[in-house]
$ cat run05.txt   # compact mmCIF, C-alpha atoms and all ligand atoms
# COMPACT_ATOMS: atom_id res chain seq x y z
CA MET A 919 -33.32 11.87 153.41
CA PRO A 920 -36.62 11.20 151.59
CA ALA A 921 -39.65 11.53 153.85
CA HIS A 922 -41.28 8.48 152.23
CA ASP A 923 -39.86 5.08 151.39
CA ALA A 924 -42.27 4.97 148.45
CA ILE A 925 -44.97 7.03 146.74
CA VAL A 926 -47.69 5.41 144.63
CA ILE A 927 -49.46 7.58 142.03
CA GLY A 928 -53.01 6.30 141.48
CA GLY A 929 -55.60 4.83 143.83
CA GLY A 930 -57.03 2.17 141.52
CA VAL A 931 -56.86 -1.52 142.27
CA ILE A 932 -53.24 -1.73 141.07
CA GLY A 933 -52.07 1.24 143.11
CA MET A 934 -53.87 0.18 146.30
CA SER A 935 -52.66 -3.41 146.02
CA THR A 936 -49.11 -2.14 145.55
CA ALA A 937 -49.35 0.24 148.50
CA TRP A 938 -50.58 -2.53 150.81
CA GLN A 939 -47.84 -4.89 149.60
CA LEU A 940 -45.20 -2.19 150.13
CA ALA A 941 -46.28 -1.81 153.74
CA GLN A 942 -46.47 -5.59 154.18
CA LEU A 943 -42.89 -5.87 152.96
CA GLY A 944 -41.76 -3.36 155.56
CA ALA A 945 -41.73 -0.04 153.68
CA LYS A 946 -42.21 2.95 155.99
CA ASN A 947 -44.20 6.09 155.29
CA VAL A 948 -45.83 4.88 152.09
CA LEU A 949 -47.93 7.62 150.44
CA VAL A 950 -50.67 7.14 147.82
CA LEU A 951 -51.73 10.17 145.78
CA GLU A 952 -55.07 9.95 143.98
CA ARG A 953 -56.40 12.94 142.10
CA ARG A 954 -60.02 11.86 142.52
CA ARG A 955 -61.20 9.23 144.99
CA ILE A 956 -60.04 5.66 145.55
CA GLY A 957 -61.40 3.26 142.94
CA GLU A 958 -63.09 5.95 140.86
CA GLY A 959 -60.90 5.38 137.80
CA THR A 960 -61.31 2.54 135.33
CA THR A 961 -61.42 0.00 138.20
CA ALA A 962 -65.00 1.09 138.89
CA GLN A 963 -65.98 -0.08 135.38
CA SER A 964 -64.55 -3.61 135.67
CA SER A 965 -66.58 -6.73 134.88
CA GLY A 966 -64.63 -8.40 137.67
CA ILE A 967 -63.97 -11.74 135.98
CA LEU A 968 -61.26 -13.92 137.51
CA ARG A 969 -59.65 -16.74 135.51
CA THR A 970 -56.22 -18.16 134.91
CA HIS A 971 -57.05 -18.89 131.26
CA TYR A 972 -54.28 -17.05 129.42
CA SER A 973 -52.16 -18.06 126.46
CA VAL A 974 -49.18 -16.12 127.88
CA PRO A 975 -47.61 -18.34 130.58
CA GLN A 976 -46.40 -15.43 132.73
CA ASN A 977 -49.99 -14.17 132.93
CA VAL A 978 -51.15 -17.62 134.05
CA GLU A 979 -48.65 -17.48 136.88
CA LEU A 980 -49.71 -13.98 137.99
CA ALA A 981 -53.40 -14.98 137.76
CA ARG A 982 -52.85 -18.19 139.72
CA ARG A 983 -51.05 -16.35 142.53
CA SER A 984 -53.78 -13.70 142.52
CA TRP A 985 -56.59 -16.29 142.69
CA ALA A 986 -54.96 -17.80 145.79
CA MET A 987 -55.31 -14.43 147.46
CA PHE A 988 -58.84 -13.69 146.20
CA GLU A 989 -59.92 -17.05 147.61
CA ASN A 990 -58.67 -16.21 151.09
CA PHE A 991 -59.02 -12.47 150.89
CA ALA A 992 -59.93 -11.62 154.49
CA ALA A 993 -57.16 -13.85 155.88
CA ALA A 994 -54.61 -12.51 153.40
CA LEU A 995 -55.42 -8.94 154.43
CA ASP A 996 -55.67 -9.94 158.10
CA ASP A 997 -59.03 -8.17 158.25
CA ASP A 998 -62.16 -10.19 159.11
CA GLU A 999 -64.35 -7.57 157.46
CA ALA A 1000 -62.44 -7.50 154.16
CA SER A 1001 -64.34 -8.98 151.23
CA ALA A 1002 -63.60 -9.46 147.55
CA GLY A 1003 -67.26 -10.27 146.84
CA LEU A 1004 -65.96 -13.48 145.29
CA VAL A 1005 -68.36 -15.83 143.48
CA ARG A 1006 -66.57 -19.10 142.76
CA CYS A 1007 -68.67 -20.32 139.82
CA GLY A 1008 -65.91 -21.49 137.46
CA TYR A 1009 -64.98 -20.38 133.91
CA LEU A 1010 -66.20 -22.13 130.81
CA ILE A 1011 -64.53 -21.45 127.45
CA SER A 1012 -65.81 -22.91 124.22
CA ALA A 1013 -64.55 -22.96 120.61
CA PRO A 1014 -66.14 -24.36 117.47
CA ALA A 1015 -64.02 -25.85 114.69
CA GLY A 1016 -62.08 -22.97 113.14
CA ASP A 1017 -59.26 -20.56 113.74
CA LYS A 1018 -59.51 -20.37 117.57
CA LEU A 1019 -59.58 -24.13 118.18
CA ALA A 1020 -55.84 -24.76 118.01
CA ALA A 1021 -55.21 -21.79 120.32
CA LEU A 1022 -57.66 -23.15 122.89
CA GLN A 1023 -56.17 -26.66 122.69
CA ALA A 1024 -52.62 -25.37 123.14
CA THR A 1025 -53.61 -22.99 125.95
CA LEU A 1026 -55.43 -25.65 127.98
CA SER A 1027 -52.41 -27.98 127.63
CA MET A 1028 -50.05 -25.19 128.68
CA GLN A 1029 -52.19 -24.39 131.73
CA GLU A 1030 -52.24 -28.05 132.75
CA ALA A 1031 -48.46 -28.17 132.45
CA GLN A 1032 -48.41 -25.18 134.83
CA GLY A 1033 -50.53 -27.15 137.31
CA ILE A 1034 -53.89 -25.40 136.81
CA PRO A 1035 -56.87 -27.69 137.60
CA LEU A 1036 -58.89 -28.02 134.37
CA GLN A 1037 -61.53 -30.18 132.75
CA ARG A 1038 -62.46 -30.74 129.12
CA LEU A 1039 -66.26 -30.98 129.08
CA SER A 1040 -68.53 -32.92 126.76
CA ARG A 1041 -71.35 -30.87 125.21
CA ALA A 1042 -73.78 -32.55 127.62
CA ASP A 1043 -71.63 -31.72 130.66
CA ALA A 1044 -71.32 -28.13 129.50
CA SER A 1045 -75.11 -27.89 129.04
CA ALA A 1046 -75.62 -29.23 132.54
CA ARG A 1047 -73.46 -26.43 133.94
CA LEU A 1048 -74.86 -23.66 131.69
CA PRO A 1049 -78.27 -24.85 130.46
CA ILE A 1050 -79.21 -21.49 128.91
CA CYS A 1051 -76.34 -21.82 126.40
CA ARG A 1052 -76.15 -23.94 123.24
CA PHE A 1053 -73.06 -26.04 122.62
CA ASP A 1054 -74.11 -28.01 119.53
CA ASP A 1055 -71.27 -26.50 117.44
CA ALA A 1056 -68.59 -26.76 120.17
CA ALA A 1057 -65.43 -28.63 119.16
CA LEU A 1058 -63.67 -28.07 122.49
CA ILE A 1059 -64.94 -26.85 125.86
CA GLY A 1060 -62.57 -26.08 128.72
CA PHE A 1061 -63.74 -25.62 132.31
CA GLU A 1062 -61.69 -24.05 135.06
CA PRO A 1063 -63.35 -24.71 138.45
CA GLU A 1064 -61.13 -22.30 140.39
CA ALA A 1065 -62.42 -19.14 138.73
CA GLY A 1066 -65.40 -16.80 138.86
CA TYR A 1067 -65.86 -13.12 139.50
CA ALA A 1068 -65.43 -10.57 142.25
CA ASP A 1069 -66.15 -6.92 143.00
CA ALA A 1070 -63.30 -4.65 141.88
CA TYR A 1071 -64.41 -1.64 143.95
CA LEU A 1072 -64.71 -3.76 147.10
CA VAL A 1073 -61.27 -5.25 146.49
CA THR A 1074 -59.72 -1.81 145.98
CA THR A 1075 -61.27 -0.31 149.10
CA SER A 1076 -60.34 -3.41 151.11
CA PHE A 1077 -56.72 -3.01 150.01
CA ALA A 1078 -56.94 0.67 150.97
CA ARG A 1079 -58.28 -0.12 154.43
CA ALA A 1080 -55.64 -2.81 155.03
CA ALA A 1081 -52.93 -0.45 153.78
CA ARG A 1082 -54.10 2.33 156.10
CA ARG A 1083 -54.03 -0.09 159.03
CA LEU A 1084 -50.35 -0.65 158.25
CA GLY A 1085 -49.70 3.09 158.26
CA VAL A 1086 -50.04 3.92 154.56
CA LYS A 1087 -51.27 7.48 154.01
CA VAL A 1088 -53.75 8.04 151.18
CA LEU A 1089 -54.34 11.58 149.93
CA GLU A 1090 -57.42 11.81 147.72
CA GLY A 1091 -58.16 14.86 145.60
CA THR A 1092 -54.41 15.29 145.08
CA ALA A 1093 -53.14 15.25 141.50
CA VAL A 1094 -49.47 14.69 140.77
CA GLN A 1095 -48.34 17.40 138.36
CA ALA A 1096 -44.69 16.44 137.80
CA LEU A 1097 -41.89 14.18 138.96
CA LEU A 1098 -39.08 15.70 141.06
CA ARG A 1099 -35.70 14.76 139.56
CA GLU A 1100 -32.07 14.88 140.67
CA GLY A 1101 -30.27 14.36 137.39
CA THR A 1102 -32.10 11.46 135.78
CA ARG A 1103 -33.21 10.00 139.15
CA VAL A 1104 -36.79 10.43 140.32
CA VAL A 1105 -36.79 11.62 143.93
CA GLY A 1106 -40.43 12.54 144.47
CA VAL A 1107 -43.49 14.21 143.02
CA ARG A 1108 -44.97 17.70 142.75
CA THR A 1109 -48.60 18.47 143.56
CA ALA A 1110 -50.47 21.76 143.84
CA GLN A 1111 -50.43 21.35 147.63
CA ALA A 1112 -46.77 20.37 148.19
CA ASP A 1113 -43.70 18.51 146.97
CA PHE A 1114 -43.29 14.99 148.39
CA HIS A 1115 -39.91 13.22 148.42
CA ALA A 1116 -39.48 9.46 148.22
CA GLY A 1117 -36.90 6.74 147.63
CA VAL A 1118 -39.00 5.36 144.79
CA VAL A 1119 -42.16 6.39 142.89
CA VAL A 1120 -44.58 3.82 141.47
CA SER A 1121 -46.81 5.07 138.64
CA ALA A 1122 -50.08 3.10 138.69
CA GLN A 1123 -51.91 5.65 136.56
CA ASN A 1124 -53.59 3.43 133.97
CA ILE A 1125 -54.39 5.42 130.81
CA TRP A 1126 -53.11 8.61 132.46
CA ALA A 1127 -49.58 7.11 132.46
CA ARG A 1128 -49.27 9.15 129.28
CA GLU A 1129 -48.28 12.02 131.62
CA LEU A 1130 -44.93 10.24 132.02
CA GLN A 1131 -44.04 11.37 128.50
CA ALA A 1132 -43.99 15.02 129.56
CA TRP A 1133 -42.68 14.30 133.07
CA ALA A 1134 -39.82 11.93 132.19
CA GLY A 1135 -39.47 11.89 128.41
CA LEU A 1136 -40.61 8.26 128.26
CA GLN A 1137 -42.30 6.69 125.26
CA VAL A 1138 -45.64 5.39 126.56
CA PRO A 1139 -47.05 2.92 124.02
CA LEU A 1140 -50.72 3.11 124.98
CA HIS A 1141 -54.04 3.78 123.40
CA ALA A 1142 -57.44 4.19 125.05
CA GLU A 1143 -60.35 2.00 123.95
CA ARG A 1144 -63.97 2.39 124.94
CA HIS A 1145 -65.81 -0.87 125.68
CA THR A 1146 -69.54 -1.35 126.11
CA VAL A 1147 -71.04 -3.62 128.78
CA LEU A 1148 -74.70 -4.70 128.82
CA ALA A 1149 -76.84 -6.25 131.54
CA LEU A 1150 -79.62 -8.32 129.94
CA GLN A 1151 -82.70 -9.78 131.60
CA GLY A 1152 -83.57 -12.96 129.75
CA PRO A 1153 -86.64 -15.16 130.16
CA GLN A 1154 -84.42 -17.69 131.93
CA PRO A 1155 -82.18 -16.57 134.82
CA TYR A 1156 -78.39 -16.56 134.57
CA THR A 1157 -77.84 -17.64 138.16
CA PRO A 1158 -74.67 -16.98 140.20
CA GLN A 1159 -74.04 -20.75 140.30
CA MET A 1160 -73.68 -20.82 136.50
CA PRO A 1161 -70.10 -20.40 135.23
CA VAL A 1162 -68.61 -17.37 133.56
CA PHE A 1163 -68.61 -18.06 129.80
CA LYS A 1164 -66.24 -17.21 126.99
CA ASP A 1165 -67.49 -17.77 123.45
CA LEU A 1166 -64.53 -17.99 121.06
CA GLY A 1167 -67.00 -18.71 118.24
CA SER A 1168 -68.70 -15.29 118.26
CA GLY A 1169 -67.36 -12.41 116.18
CA GLY A 1170 -66.80 -10.32 119.31
CA MET A 1171 -65.38 -13.22 121.36
CA LEU A 1172 -68.15 -12.55 123.90
CA TYR A 1173 -67.66 -12.95 127.62
CA GLY A 1174 -70.42 -13.01 130.19
CA ARG A 1175 -71.49 -13.87 133.69
CA SER A 1176 -74.35 -13.71 136.11
CA TYR A 1177 -75.23 -10.21 137.29
CA GLY A 1178 -77.59 -9.06 140.00
CA GLY A 1179 -78.79 -12.60 140.70
CA THR A 1180 -80.66 -13.31 137.45
CA GLN A 1181 -79.27 -11.07 134.68
CA MET A 1182 -76.42 -11.62 132.22
CA LEU A 1183 -73.51 -9.16 132.15
CA VAL A 1184 -72.04 -9.39 128.65
CA SER A 1185 -69.42 -7.62 126.56
CA GLU A 1186 -67.12 -8.18 123.61
CA GLY A 1187 -63.53 -9.31 124.22
CA THR A 1188 -62.10 -7.95 120.99
CA ALA A 1189 -60.58 -4.57 120.11
CA ALA A 1190 -63.09 -1.69 120.28
CA GLU A 1191 -63.48 2.02 119.57
CA VAL A 1192 -60.11 3.80 119.86
CA LEU A 1193 -60.39 7.06 121.82
CA GLY A 1194 -56.84 8.21 121.14
CA HIS A 1195 -53.16 7.45 121.55
CA ALA A 1196 -50.91 8.44 124.44
CA SER A 1197 -48.43 9.86 121.96
CA GLY A 1198 -50.83 12.49 120.69
CA ASP A 1199 -54.53 12.63 120.24
CA MET A 1200 -55.91 11.41 123.57
CA ASP A 1201 -58.69 13.56 124.95
CA ASP A 1202 -59.35 13.56 128.73
CA ALA A 1203 -62.89 14.78 128.22
CA GLN A 1204 -63.68 11.63 126.20
CA ILE A 1205 -61.99 9.26 128.63
CA ASP A 1206 -63.64 10.61 131.75
CA VAL A 1207 -67.26 10.49 130.57
CA GLN A 1208 -69.78 7.70 130.51
CA ALA A 1209 -70.63 7.52 126.81
CA ASP A 1210 -74.13 6.87 125.50
CA VAL A 1211 -74.66 3.28 124.44
CA SER A 1212 -76.43 3.35 121.07
CA MET A 1213 -79.24 0.99 120.12
CA ASP A 1214 -76.97 -0.16 117.24
CA GLN A 1215 -74.38 -1.37 119.78
CA VAL A 1216 -77.06 -3.09 121.84
CA ALA A 1217 -78.37 -4.81 118.71
CA HIS A 1218 -74.83 -5.80 117.62
CA ILE A 1219 -74.01 -7.48 120.95
CA GLY A 1220 -77.57 -8.72 121.44
CA ALA A 1221 -77.52 -10.60 118.13
CA GLN A 1222 -74.37 -12.48 119.15
CA VAL A 1223 -75.90 -13.28 122.55
CA ALA A 1224 -79.09 -14.65 120.94
CA GLU A 1225 -76.99 -16.84 118.63
CA ARG A 1226 -75.42 -18.54 121.65
CA PHE A 1227 -78.25 -18.17 124.21
CA PRO A 1228 -81.41 -18.72 122.10
CA SER A 1229 -83.91 -17.70 124.78
CA PHE A 1230 -82.14 -14.30 125.04
CA GLU A 1231 -83.63 -13.43 121.64
CA THR A 1232 -86.39 -11.80 123.72
CA ALA A 1233 -84.12 -10.47 126.50
CA GLY A 1234 -84.60 -6.93 127.72
CA LEU A 1235 -81.83 -4.39 128.31
CA ALA A 1236 -81.66 -3.89 132.09
CA SER A 1237 -78.70 -1.48 132.04
CA SER A 1238 -75.58 -0.56 130.09
CA TRP A 1239 -72.34 1.31 130.69
CA THR A 1240 -68.99 2.00 129.09
CA GLY A 1241 -65.43 1.60 130.33
CA VAL A 1242 -61.96 2.49 129.09
CA TYR A 1243 -59.11 0.02 128.52
CA ASP A 1244 -55.45 1.15 128.64
CA VAL A 1245 -54.17 -0.92 125.74
CA THR A 1246 -50.53 -1.63 124.82
CA PRO A 1247 -49.46 -2.89 121.37
CA ASP A 1248 -49.37 -6.53 122.62
CA TRP A 1249 -52.35 -6.29 125.01
CA ASN A 1250 -50.17 -6.98 128.05
CA PRO A 1251 -49.06 -4.64 130.82
CA VAL A 1252 -45.79 -2.80 131.26
CA LEU A 1253 -44.36 -3.56 134.71
CA GLY A 1254 -41.11 -2.63 136.42
CA ARG A 1255 -38.22 -0.20 136.38
CA VAL A 1256 -36.92 1.69 133.37
CA PRO A 1257 -33.15 1.81 132.79
CA ASP A 1258 -33.05 5.51 131.83
CA VAL A 1259 -35.20 6.78 134.71
CA PRO A 1260 -33.95 5.37 138.04
CA GLY A 1261 -36.31 5.73 140.97
CA LEU A 1262 -39.43 5.10 138.85
CA VAL A 1263 -41.48 1.87 138.64
CA LEU A 1264 -44.11 1.52 135.90
CA ALA A 1265 -47.48 -0.25 135.95
CA PHE A 1266 -49.74 0.55 133.00
CA GLY A 1267 -51.36 -1.08 129.98
CA PHE A 1268 -53.50 -3.73 131.65
CA SER A 1269 -55.49 -3.91 128.40
CA GLY A 1270 -58.80 -4.91 129.95
CA HIS A 1271 -57.53 -7.77 132.12
CA GLY A 1272 -55.76 -6.18 135.10
CA PHE A 1273 -58.22 -6.80 137.91
CA LYS A 1274 -57.65 -10.55 138.06
CA LEU A 1275 -53.87 -9.94 138.23
CA SER A 1276 -53.97 -7.14 140.80
CA PRO A 1277 -52.94 -9.02 143.98
CA ALA A 1278 -49.85 -10.62 142.42
CA VAL A 1279 -49.00 -7.55 140.37
CA GLY A 1280 -49.11 -5.39 143.52
CA ARG A 1281 -46.71 -7.79 145.18
CA VAL A 1282 -44.15 -7.92 142.36
CA LEU A 1283 -44.30 -4.14 141.93
CA ALA A 1284 -43.67 -3.65 145.65
CA GLN A 1285 -40.78 -6.11 145.51
CA GLU A 1286 -39.34 -4.32 142.47
CA ALA A 1287 -39.73 -0.92 144.14
CA LEU A 1288 -37.90 -2.12 147.26
CA GLY A 1289 -35.07 -3.76 145.32
CA LEU A 1290 -36.15 -7.29 146.31
CA ALA A 1291 -36.26 -10.34 144.04
CA THR A 1292 -39.70 -10.53 142.39
CA ASP A 1293 -41.90 -13.65 142.75
CA VAL A 1294 -42.36 -13.67 138.96
CA SER A 1295 -39.77 -12.28 136.55
CA LEU A 1296 -40.68 -8.83 135.25
CA ALA A 1297 -38.32 -9.09 132.26
CA PRO A 1298 -41.10 -10.14 129.83
CA TYR A 1299 -43.16 -7.12 130.93
CA ALA A 1300 -40.37 -4.53 130.46
CA LEU A 1301 -41.15 -1.32 128.58
CA THR A 1302 -38.07 -1.98 126.43
CA ARG A 1303 -39.72 -5.07 124.89
CA PHE A 1304 -41.45 -2.93 122.28
CA ALA A 1305 -38.32 -1.11 121.09
CA GLN A 1306 -36.45 -4.42 121.14
CA GLY A 1307 -39.10 -6.22 119.08
CA ARG A 1308 -39.94 -8.75 121.83
CA PRO A 1309 -43.70 -8.22 122.35
CA LEU A 1310 -45.50 -10.51 124.79
CA VAL A 1311 -47.92 -11.90 122.25
CA GLY A 1312 -50.65 -14.41 123.06
CA ARG A 1313 -52.22 -17.03 120.80
CA TYR A 1314 -55.61 -15.34 120.56
CA GLY A 1315 -54.40 -12.21 118.79
CA GLN A 1316 -55.68 -8.77 119.75
CA GLY A 1317 -58.09 -8.76 122.66
CA ALA A 1318 -58.27 -9.16 126.38
CA VAL A 1319 -57.93 -12.97 126.56
CA SER A 1320 -54.23 -12.50 125.93
C1 LIG B 1401 -65.37 -2.32 130.93
C2 LIG B 1401 -64.21 -3.01 131.60
C3 LIG B 1401 -64.31 -4.35 131.95
C4 LIG B 1401 -63.23 -5.00 132.55
N1 LIG B 1401 -63.38 -6.30 132.93
C5 LIG B 1401 -62.35 -6.94 133.52
C6 LIG B 1401 -62.50 -8.28 133.97
O1 LIG B 1401 -63.56 -8.88 133.81
N2 LIG B 1401 -61.44 -8.88 134.58
C7 LIG B 1401 -60.24 -8.23 134.73
O2 LIG B 1401 -59.30 -8.85 135.23
N3 LIG B 1401 -60.08 -6.95 134.34
C8 LIG B 1401 -61.10 -6.30 133.75
N4 LIG B 1401 -60.96 -5.01 133.36
C9 LIG B 1401 -59.66 -4.35 133.56
C10 LIG B 1401 -59.43 -3.92 134.98
O3 LIG B 1401 -60.61 -3.43 135.55
C11 LIG B 1401 -58.32 -2.85 134.97
O4 LIG B 1401 -57.17 -3.39 134.33
C12 LIG B 1401 -57.94 -2.39 136.36
O5 LIG B 1401 -59.06 -2.04 137.13
C13 LIG B 1401 -57.01 -1.20 136.23
O6 LIG B 1401 -56.64 -0.74 137.50
P1 LIG B 1401 -55.65 0.49 137.61
O7 LIG B 1401 -55.38 0.69 139.04
O8 LIG B 1401 -54.50 0.29 136.67
O9 LIG B 1401 -56.44 1.71 136.95
P2 LIG B 1401 -57.48 2.80 137.50
O10 LIG B 1401 -58.54 2.20 138.32
O11 LIG B 1401 -57.91 3.60 136.32
O12 LIG B 1401 -56.58 3.69 138.47
C14 LIG B 1401 -55.67 4.66 138.04
C15 LIG B 1401 -55.84 5.83 139.00
O13 LIG B 1401 -54.76 6.73 138.82
C16 LIG B 1401 -55.27 8.02 139.10
N5 LIG B 1401 -54.33 8.99 138.52
C17 LIG B 1401 -53.92 9.03 137.23
N6 LIG B 1401 -53.05 10.04 137.07
C18 LIG B 1401 -52.91 10.65 138.27
C19 LIG B 1401 -52.16 11.76 138.74
N7 LIG B 1401 -51.39 12.50 137.90
N8 LIG B 1401 -52.22 12.09 140.04
C20 LIG B 1401 -53.00 11.37 140.91
N9 LIG B 1401 -53.76 10.33 140.50
C21 LIG B 1401 -53.71 9.97 139.20
C22 LIG B 1401 -56.65 8.01 138.43
O14 LIG B 1401 -57.48 9.03 138.94
C23 LIG B 1401 -57.12 6.60 138.75
O15 LIG B 1401 -57.93 6.55 139.92
C24 LIG B 1401 -62.01 -4.30 132.78
C25 LIG B 1401 -61.91 -2.95 132.45
C26 LIG B 1401 -63.00 -2.30 131.87
C27 LIG B 1401 -62.87 -0.84 131.54

$ encode --input "run05.txt" --output "structure tokens"
Amino acid sequence: MPAHDAIVIGGGVIGMSTAWQLAQLGAKNVLVLERRRIGEGTTAQSSGILRTHYSVPQNVELARRSWAMFENFAAALDDDEASAGLVRCGYLISAPAGDKLAALQATLSMQEAQGIPLQRLSRADASARLPICRFDDAALIGFEPEAGYADAYLVTTSFARAARRLGVKVLEGTAVQALLREGTRVVGVRTAQADFHAGVVVSAQNIWARELQAWAGLQVPLHAERHTVLALQGPQPYTPQMPVFKDLGSGGMLYGRSYGGTQMLVSEGTAAEVLGHASGDMDDAQIDVQADVSMDQVAHIGAQVAERFPSFETAGLASSWTGVYDVTPDWNPVLGRVPDVPGLVLAFGFSGHGFKLSPAVGRVLAQEALGLATDVSLAPYALTRFAQGRPLVGRYGQGAVS
């Protein structure tokens, strides 16, 4: 008899959400193994933006279900002290005439058909909501009122606390070194401290899911990308009441939001520096470090910001940091079981947009692990989609809008 109903590898926001959902659904003796500390992986680097704007309908559904939980986070976790740090400021997305316009039009219509509350704003209405931004070239502006941003570390630790209250055990500083197998079936994990047996193992390892290649002979179609995030102090404040923005007209498809009360957090939403591929040349030392942000990068992003936010021409750099995306070939995650490796559930490849999906993803992963019907079909997210030539491609091409 396995000692654990389920083991989760990885204490990021995906792993902790899954662990809590497993316990909620009645799993006994759930164990989370995290080689460092909870939330110290790529979750700690998240910009925290929450939206349902996706061109892939399945992502809209996962984001909508997740938003419902973010909005009522303490009640959902049954913990008065739980907080997502949610700021409900809305999400504004703008496109000039050009190649992104048709994609924005089609995506807004698709979201409406899925029941998402949306508005199409005039340039004047958009300026009223985000007066520091210029909209004179905008051909279409969408506004999603039920959107904003939250704190990924707070969400992860709140999931961890709620999970522990339901009896989940979390071992930090414990690296999984191998999967235990009986034939092809996964029956547990090996660590330096001990072997742990379980009915099912969920890998929520983000970029480190590449270890599954050596452990289980799986192809893991992932590469690591380093993204740069800036916090700018402009002459005019970017207040928390102002919406998150997405500028489809800029070369880097910029996204931004209020930060620290008056600053702008801003980054590019396109593909970035590749640090290596899971199949070969990925270097842990590169992934784990905070890289220097060069003045060239600051100038490159800053020029795009000044184009859209004219007063930010004179903005100062308040801070900067880097973060790593676990990117799949279609910029969408791999979720669910694998036919050749029973007993294993996969969750990797969130491609820079996994935080906003984490509540619903945790739930469907827990359902999948326990052999229950999933709220949202996992078939489109199967690992086999790549070998079968059925990628989950969005209308915006490569990048984290998806
Ligand atoms: C710069 C940046 C900005 C982002 N902005 C947004 C945003 O605005 N909105 C949004 O929705 N998403 C955003 N994301 C993406 C989102 O933050 C991630 O998709 C999400 O946090 C990933 O969570 P995770 O649990 O998969 O990964 P992680 O937090 O990386 O967790 C994986 C954990 O697994 C552990 N682990 C791995 N291997 C082992 C092992 N062998 N044994 C034990 N433990 C192991 C690691 O130590 C790590 O803690 C952003 C990401 C970055 C980098």

$ residues_around --input "run05.txt" --residues "range 1201-1218 of chain A" --least-positions-apart "5" --cutoff "10 Å" --atoms "all atoms listed in the file" --output "list in words"
Gly959, Thr960, Gln963, Ile1125, Trp1126, Ala1142, Glu1143, Arg1144, His1145, Thr1146, Val1147, Leu1148, Leu1150, Gly1170, Leu1193, Gly1194, His1195, Ala1196, Val1223, Leu1235, Ser1237, Ser1238, Trp1239, Thr1240, Gly1241, Val1242 and Tyr1243 of chain A

$ closest_atom_pairs --input "run05.txt" --of "chain A" --to "ligand LIG 1401 (chain B)" --cutoff "7 Å" --atoms "all atoms listed in the file" --output "tab-separated table"
residue	atom	partner	partner_atom	distance
A:Ile927	CA	B:LIG1401	C20	5.3
A:Gly928	CA	B:LIG1401	O13	3.2
A:Gly929	CA	B:LIG1401	O15	4.9
A:Gly930	CA	B:LIG1401	O7	3.3
A:Val931	CA	B:LIG1401	O7	4.2
A:Ile932	CA	B:LIG1401	O7	3.8
A:Gly933	CA	B:LIG1401	O7	5.3
A:Leu951	CA	B:LIG1401	C20	5.2
A:Glu952	CA	B:LIG1401	N9	3.7
A:Arg953	CA	B:LIG1401	C20	3.9
A:Arg954	CA	B:LIG1401	O14	5.2
A:Arg955	CA	B:LIG1401	O15	6.6
A:Ile956	CA	B:LIG1401	O15	6.1
A:Gly957	CA	B:LIG1401	O10	5.5
A:Glu958	CA	B:LIG1401	O15	5.3
A:Gly959	CA	B:LIG1401	O11	3.8
A:Thr960	CA	B:LIG1401	O11	3.7
A:Thr961	CA	B:LIG1401	O5	3.3
A:Ala962	CA	B:LIG1401	O10	6.6
A:Gln963	CA	B:LIG1401	C27	5.0
A:Ser964	CA	B:LIG1401	C4	3.7
A:Ser965	CA	B:LIG1401	N1	3.8
A:Gly966	CA	B:LIG1401	O1	4.0
A:Ile967	CA	B:LIG1401	O1	3.6
A:Leu968	CA	B:LIG1401	N2	5.8
A:Ala1070	CA	B:LIG1401	O5	6.9
A:Thr1092	CA	B:LIG1401	C20	5.9
A:Ala1093	CA	B:LIG1401	N8	3.6
A:Val1094	CA	B:LIG1401	N8	3.9
A:Gln1095	CA	B:LIG1401	N7	5.8
A:Ala1122	CA	B:LIG1401	O8	5.6
A:Gln1123	CA	B:LIG1401	O13	3.8
A:Asn1124	CA	B:LIG1401	O8	4.2
A:Ile1125	CA	B:LIG1401	O11	6.8
A:Trp1126	CA	B:LIG1401	N6	4.8
A:Ala1127	CA	B:LIG1401	N6	6.5
A:His1145	CA	B:LIG1401	C1	5.5
A:Thr1146	CA	B:LIG1401	C1	6.4
A:Val1147	CA	B:LIG1401	C1	6.2
A:Thr1240	CA	B:LIG1401	C1	5.9
A:Gly1241	CA	B:LIG1401	C27	3.7
A:Val1242	CA	B:LIG1401	C27	4.2
A:Tyr1243	CA	B:LIG1401	C27	4.9
A:Phe1266	CA	B:LIG1401	O8	6.0
A:Phe1268	CA	B:LIG1401	O4	4.6
A:Ser1269	CA	B:LIG1401	O4	6.2
A:Gly1270	CA	B:LIG1401	C9	3.8
A:His1271	CA	B:LIG1401	N3	3.5
A:Gly1272	CA	B:LIG1401	O4	3.2
A:Phe1273	CA	B:LIG1401	O2	3.5
A:Lys1274	CA	B:LIG1401	O2	3.7
A:Leu1275	CA	B:LIG1401	O2	6.3

$ residues_near_point --input "run05.txt" --point "(-43.7, -1.1, 122.0)" --cutoff "6 Å" --atoms "all atoms listed in the file" --output "list in words"
Pro1139, Phe1304 and Ala1305 of chain A

$ closest_residue --input "run05.txt" --among "A:Asp1017, A:Trp938, A:Gln1111, A:Leu1039" --to "Arg1082 in chain A" --atoms "only C-alpha atoms"
A:Trp938

$ residues_around --input "run05.txt" --residues "Glu1225 in chain A" --least-positions-apart "6" --cutoff "12 Å" --atoms "all atoms listed in the file" --output "NGL selection string"
:A and (1050-1055 or 1165 or 1167-1169 or 1172 or 1218-1219 or 1231-1232)

$ atom_distance --input "run05.txt" --atom1 "CA of Gln1151 in chain A" --atom2 "CA of Thr1180 in chain A"
7.1 Å
